[in-house]
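Undergrad: Sharing structure_4.cif, mmCIF, C-alpha atoms:
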data_my_file
loop_
_atom_site.group_PDB
_atom_site.id
_atom_site.type_symbol
_atom_site.label_atom_id
_atom_site.label_comp_id
_atom_site.auth_asym_id
_atom_site.auth_seq_id
_atom_site.Cartn_x
_atom_site.Cartn_y
_atom_site.Cartn_z
ATOM 1 C CA MET B 5 0.000 0.000 0.000
ATOM 2 C CA GLN B 6 1.912 2.987 -1.267
ATOM 3 C CA GLY B 7 -0.719 5.829 -0.847
ATOM 4 C CA ILE B 8 0.451 9.265 0.156
ATOM 5 C CA SER B 9 3.932 8.193 1.249
ATOM 6 C CA ALA B 10 4.788 7.290 -2.358
ATOM 7 C CA LEU B 11 4.153 10.871 -3.553
ATOM 8 C CA PRO B 12 7.152 13.085 -4.210
ATOM 9 C CA ILE B 13 8.065 15.497 -1.401
ATOM 10 C CA SER B 14 6.858 18.552 -3.362
ATOM 11 C CA LEU B 15 3.356 17.066 -3.656
ATOM 12 C CA LYS B 16 3.300 16.075 0.020
ATOM 13 C CA SER B 17 3.760 19.723 0.977
ATOM 14 C CA LEU B 18 0.581 20.651 -0.923
ATOM 15 C CA ILE B 19 -1.617 18.341 1.152
ATOM 16 C CA PRO B 20 -2.926 20.200 4.242
ATOM 17 C CA ARG B 21 -1.649 18.797 7.525
ATOM 18 C CA THR B 22 -4.373 18.100 10.063
ATOM 19 C CA ASN B 23 -4.470 15.637 12.921
ATOM 20 C CA LEU B 24 -6.427 13.177 10.771
ATOM 21 C CA HIS B 25 -3.892 13.415 7.929
ATOM 22 C CA GLN B 26 -0.949 13.009 10.283
ATOM 23 C CA SER B 27 -2.512 9.979 11.940
ATOM 24 C CA LEU B 28 -3.218 8.477 8.498
ATOM 25 C CA LEU B 29 0.366 9.176 7.377
ATOM 26 C CA ALA B 30 1.731 7.653 10.572
ATOM 27 C CA GLY B 31 -0.498 4.612 10.101
ATOM 28 C CA ILE B 32 0.582 4.134 6.492
ATOM 29 C CA GLY B 33 4.231 4.464 7.392
ATOM 30 C CA ASN B 34 3.924 1.850 10.173
ATOM 31 C CA GLN B 35 1.694 -0.405 8.028
ATOM 32 C CA ARG B 36 -1.100 -0.454 10.617
ATOM 33 C CA ALA B 37 -4.556 1.080 10.553
ATOM 34 C CA PRO B 38 -5.021 4.269 12.595
ATOM 35 C CA SER B 39 -7.455 4.167 15.454
ATOM 36 C CA LEU B 40 -10.103 6.853 14.938
ATOM 37 C CA VAL B 41 -12.824 7.499 17.483
ATOM 38 C CA CYS B 42 -15.927 9.290 16.226
ATOM 39 C CA THR B 43 -18.213 10.955 18.751
ATOM 40 C CA PRO B 44 -21.581 12.482 17.915
ATOM 41 C CA PRO B 45 -21.847 16.284 18.254
ATOM 42 C CA LEU B 46 -23.221 17.581 21.546
ATOM 43 C CA VAL B 47 -25.187 20.480 20.024
ATOM 44 C CA THR B 48 -27.030 20.392 16.730
ATOM 45 C CA SER B 49 -27.528 23.648 14.847
ATOM 46 C CA VAL B 50 -31.087 24.460 13.813
ATOM 47 C CA ARG B 51 -30.235 27.406 11.555
ATOM 48 C CA THR B 52 -31.617 27.020 8.088
ATOM 49 C CA HIS B 53 -30.006 30.111 6.558
ATOM 50 C CA LEU B 54 -26.387 31.148 6.309
ATOM 51 C CA GLY B 55 -26.632 34.900 6.752
ATOM 52 C CA TYR B 56 -28.364 37.543 8.779
ATOM 53 C CA ILE B 57 -31.709 38.785 7.486
ATOM 54 C CA PRO B 58 -31.686 42.523 8.307
ATOM 55 C CA PHE B 59 -35.363 43.288 7.790
ATOM 56 C CA GLN B 60 -38.487 41.266 7.327
ATOM 57 C CA GLY B 61 -41.822 42.755 6.499
ATOM 58 C CA ARG B 62 -43.227 45.663 4.587
ATOM 59 C CA LEU B 63 -40.788 48.427 3.661
ATOM 60 C CA GLY B 64 -43.386 51.159 3.216
ATOM 61 C CA ARG B 65 -43.415 54.037 0.808
ATOM 62 C CA LYS B 66 -40.425 56.096 -0.290
ATOM 63 C CA LEU B 67 -39.851 59.223 1.814
ATOM 64 C CA THR B 68 -40.280 62.602 0.134
ATOM 65 C CA ASN B 69 -37.480 65.162 0.060
ATOM 66 C CA ARG B 70 -39.115 67.153 2.848
ATOM 67 C CA GLU B 71 -39.450 64.056 5.039
ATOM 68 C CA LEU B 72 -35.816 63.138 4.374
ATOM 69 C CA PHE B 73 -34.748 66.653 5.347
ATOM 70 C CA LEU B 74 -36.802 66.593 8.559
ATOM 71 C CA LYS B 75 -35.371 63.168 9.406
ATOM 72 C CA GLU B 76 -31.833 64.569 9.113
ATOM 73 C CA LEU B 77 -32.850 67.661 11.073
ATOM 74 C CA LYS B 78 -33.792 65.462 14.038
ATOM 75 C CA ILE B 79 -30.151 64.456 14.419
ATOM 76 C CA ALA B 80 -28.807 68.009 13.967
ATOM 77 C CA ASN B 81 -26.374 69.044 16.674
ATOM 78 C CA ILE B 82 -24.895 72.507 17.331
ATOM 79 C CA GLN B 83 -22.757 71.581 20.345
ATOM 80 C CA PRO B 84 -19.442 72.767 18.855
ATOM 81 C CA ALA B 85 -20.809 76.295 18.149
ATOM 82 C CA LYS B 86 -20.774 79.117 20.651
ATOM 83 C CA LYS B 87 -22.181 81.859 18.378
ATOM 84 C CA ILE B 88 -24.177 81.760 15.131
ATOM 85 C CA THR B 89 -24.567 84.936 13.082
ATOM 86 C CA TYR B 90 -26.997 85.163 10.143
ATOM 87 C CA THR B 91 -26.224 88.078 7.807
ATOM 88 C CA PHE B 92 -28.433 88.859 4.820
ATOM 89 C CA ASP B 93 -29.975 91.614 2.737
ATOM 90 C CA PRO B 94 -33.753 91.130 2.407
ATOM 91 C CA MET B 95 -33.784 93.071 -0.887
ATOM 92 C CA ARG B 96 -31.696 90.436 -2.696
ATOM 93 C CA GLU B 97 -33.436 87.751 -4.702
ATOM 94 C CA ASP B 98 -31.594 84.874 -3.011
ATOM 95 C CA TYR B 99 -32.311 85.798 0.622
ATOM 96 C CA GLN B 100 -34.975 83.064 0.910
ATOM 97 C CA SER B 101 -32.318 80.354 1.271
ATOM 98 C CA ILE B 102 -30.940 81.788 4.513
ATOM 99 C CA ARG B 103 -34.449 82.373 5.863
ATOM 100 C CA ASN B 104 -35.270 78.700 5.319
ATOM 101 C CA PHE B 105 -32.030 77.722 7.041
ATOM 102 C CA MET B 106 -32.851 80.013 9.978
ATOM 103 C CA HIS B 107 -36.351 78.578 10.221
ATOM 104 C CA PHE B 108 -35.137 74.997 10.526
ATOM 105 C CA TRP B 109 -32.056 75.640 12.686
ATOM 106 C CA ASN B 110 -33.856 77.859 15.205
ATOM 107 C CA LYS B 111 -36.316 75.141 16.142
ATOM 108 C CA PRO B 112 -36.371 74.299 19.875
ATOM 109 C CA LYS B 113 -35.113 70.723 19.387
ATOM 110 C CA VAL B 114 -32.014 71.934 17.542
ATOM 111 C CA LEU B 115 -31.336 74.764 20.001
ATOM 112 C CA GLU B 116 -31.668 72.339 22.947
ATOM 113 C CA THR B 117 -28.488 70.598 21.777
ATOM 114 C CA ASN B 118 -26.526 73.670 22.932
ATOM 115 C CA LEU B 119 -28.266 75.907 25.463
ATOM 116 C CA LYS B 120 -25.380 78.410 25.614
ATOM 117 C CA VAL B 121 -25.304 79.242 21.900
ATOM 118 C CA LEU B 122 -25.859 82.894 20.936
ATOM 119 C CA VAL B 123 -27.927 83.465 17.799
ATOM 120 C CA LYS B 124 -27.624 86.842 16.099
ATOM 121 C CA THR B 125 -29.348 88.101 12.949
ATOM 122 C CA ASP B 126 -27.844 90.992 10.995
ATOM 123 C CA LEU B 127 -30.023 92.710 8.397
ATOM 124 C CA VAL B 128 -27.877 94.708 5.997
ATOM 125 C CA ASP B 129 -28.698 96.871 2.981
ATOM 126 C CA ASP B 130 -25.455 96.721 1.020
ATOM 127 C CA ARG B 131 -26.481 93.914 -1.385
ATOM 128 C CA ARG B 132 -23.955 91.402 -0.046
ATOM 129 C CA PRO B 133 -24.798 87.704 -0.402
ATOM 130 C CA PRO B 134 -26.354 85.850 2.545
ATOM 131 C CA LEU B 135 -23.808 84.446 4.974
ATOM 132 C CA ILE B 136 -23.904 82.290 8.097
ATOM 133 C CA THR B 137 -20.957 82.529 10.474
ATOM 134 C CA PHE B 138 -20.383 79.864 13.128
ATOM 135 C CA GLU B 139 -17.895 80.698 15.878
ATOM 136 C CA LEU B 140 -16.767 77.348 17.238
ATOM 137 C CA ASN B 141 -15.726 76.510 20.803
ATOM 138 C CA ASP B 142 -12.101 75.920 19.794
ATOM 139 C CA GLY B 143 -11.749 79.464 18.343
ATOM 140 C CA ARG B 144 -12.190 78.650 14.665
ATOM 141 C CA THR B 145 -14.740 80.400 12.444
ATOM 142 C CA LEU B 146 -16.871 78.609 9.865
ATOM 143 C CA GLU B 147 -18.562 80.672 7.132
ATOM 144 C CA VAL B 148 -21.371 79.240 4.999
ATOM 145 C CA LYS B 149 -22.431 81.192 1.908
ATOM 146 C CA THR B 150 -26.077 80.357 1.276
ATOM 147 C CA SER B 151 -26.859 82.305 -1.886
ATOM 148 C CA LEU B 152 -26.969 79.120 -3.983
ATOM 149 C CA LEU B 153 -28.342 76.888 -1.218
ATOM 150 C CA THR B 154 -31.613 75.158 -2.092
ATOM 151 C CA GLU B 155 -33.923 72.737 -0.335
ATOM 152 C CA LEU B 156 -33.973 69.107 -1.380
#
Let me see whether you can do it: turn the structure in this file into structure tokens.
TA:
Amino acid sequence: MQGISALPISLKSLIPRTNLHQSLLAGIGNQRAPSLVCTPPLVTSVRTHLGYIPFQGRLGRKLTNRELFLKELKIANIQPAKKITYTFDPMREDYQSIRNFMHFWNKPKVLETNLKVLVKTDLVDDRRPPLITFELNDGRTLEVKTSLLTEL
């Protein structure tokens, strides 16, 4: 009985070495049958699928743009800001964008995320584009130009 021991050494290295293979190789080399003890498993799996099913049931209708925006607004957080300044000229044609932003960001749920924030509104008449300035807690300043900002 030649078996695996008759293979060249290069082919023997390709065969994975497990305890079963080593006991078989030892048994073949000694010309005796290996003693294998098979025990039944203690726990039997009852899973019938291989992966996780993330959602079962009705998905519902697709959310509108307004509903998507309001969903994102619920998780809005202004903790890193210490002062917010809205600057706009109401005579410009594109002032409506900053007014919409002010309407949504001055809601009580958003302002409750930072009770110490100062909100200031500057009305100017020099035709400059609408601008939001956030003064952050770490001293940096963030400017958002909202002249081209639109709702979803």
Undergrad: What does the structure give for the distance between atom CA of Lys78 of chain B and atom CA of Lys66 of chain B, in Å to one decimal?
TA: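 Separating atom CA of Lys78 of chain B from atom CA of Lys66 of chain B is a distance of 18.4 Å.
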Undergrad: Pick the closest to Pro134 of chain B from B:Ile82, B:Ile102, B:Met95, B:Leu77: which is it, counting only C-alpha atoms?
TA: B:Ile102
Undergrad: Select, from B:Ile79, B:Leu140, B:Leu153, B:Leu67, the residue with the minimum atom-to-atom distance to Arg103 of chain B, counting only C-alpha atoms.
TA: B:Leu153
Undergrad: Please, what distance in Å, to one decimal, runs between atom CA of Val123 of chain B and atom CA of Arg70 of chain B?
TA: 24.8 Å
Undergrad: Could you spell out the hits of the PyMOL selection byres ((chain B and resi 135) around 10) on the shown file, as a VMD selection string?
TA: chain B and resid 89 to 93 99 102 126 132 to 134 136 to 138 147 to 151
Undergrad: Take atom CA of Asp98 of chain B and atom CA of Leu122 of chain B and report the distance between them in Å, one decimal.
TA: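 These atoms are spaced 24.7 Å apart.
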Undergrad: Would you mind telling me which residue in B:Val114, B:Ala85, B:Ala80, B:Leu74 lies nearest to Asp142 of chain B when using only C-alpha atoms?
TA: B:Ala85
Undergrad: Write out as JSON, numbers by chain each polymer residue whose atoms come within 10 Å of Asn141 of chain B, counting all atoms listed in the file; drop sequence neighbours fewer than 5 positions from it.
TA: {"B": [83, 84, 85, 86, 87]}
Undergrad: Counting all atoms listed in the file, which of B:Trp109, B:Ser101, B:Glu76, B:Pro94 gets nearest to Val128 of chain B?
TA: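 The shortest atom-to-atom distance to Val128 of chain B comes from B:Pro94.
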Undergrad: Edge lengths and centre, in Å to one decimal, as JSON: that's what I need for the box along x, y and z that holds all listed atoms of segment 140-153 of chain B plus 6 Å on each side.
TA:
{"center_x": -20.0, "center_y": 79.1, "center_z": 8.4, "size_x": 28.6, "size_y": 18.4, "size_z": 36.8}
Undergrad: Out of B:Met106, B:Leu63, B:Glu155, B:Phe73, which residue has the shortest atom-to-atom distance to Thr125 of chain B when counting all atoms listed in the file?
TA: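 When distances to Thr125 of chain B are compared using all atoms listed in the file, the smallest one comes from B:Met106.
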Undergrad: Considering all atoms listed in the file, can you say which of B:Arg65, B:Asn81, B:Arg144, B:Glu139 comes closest to Lys111 of chain B?
TA: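 Nearest to Lys111 of chain B: B:Asn81.
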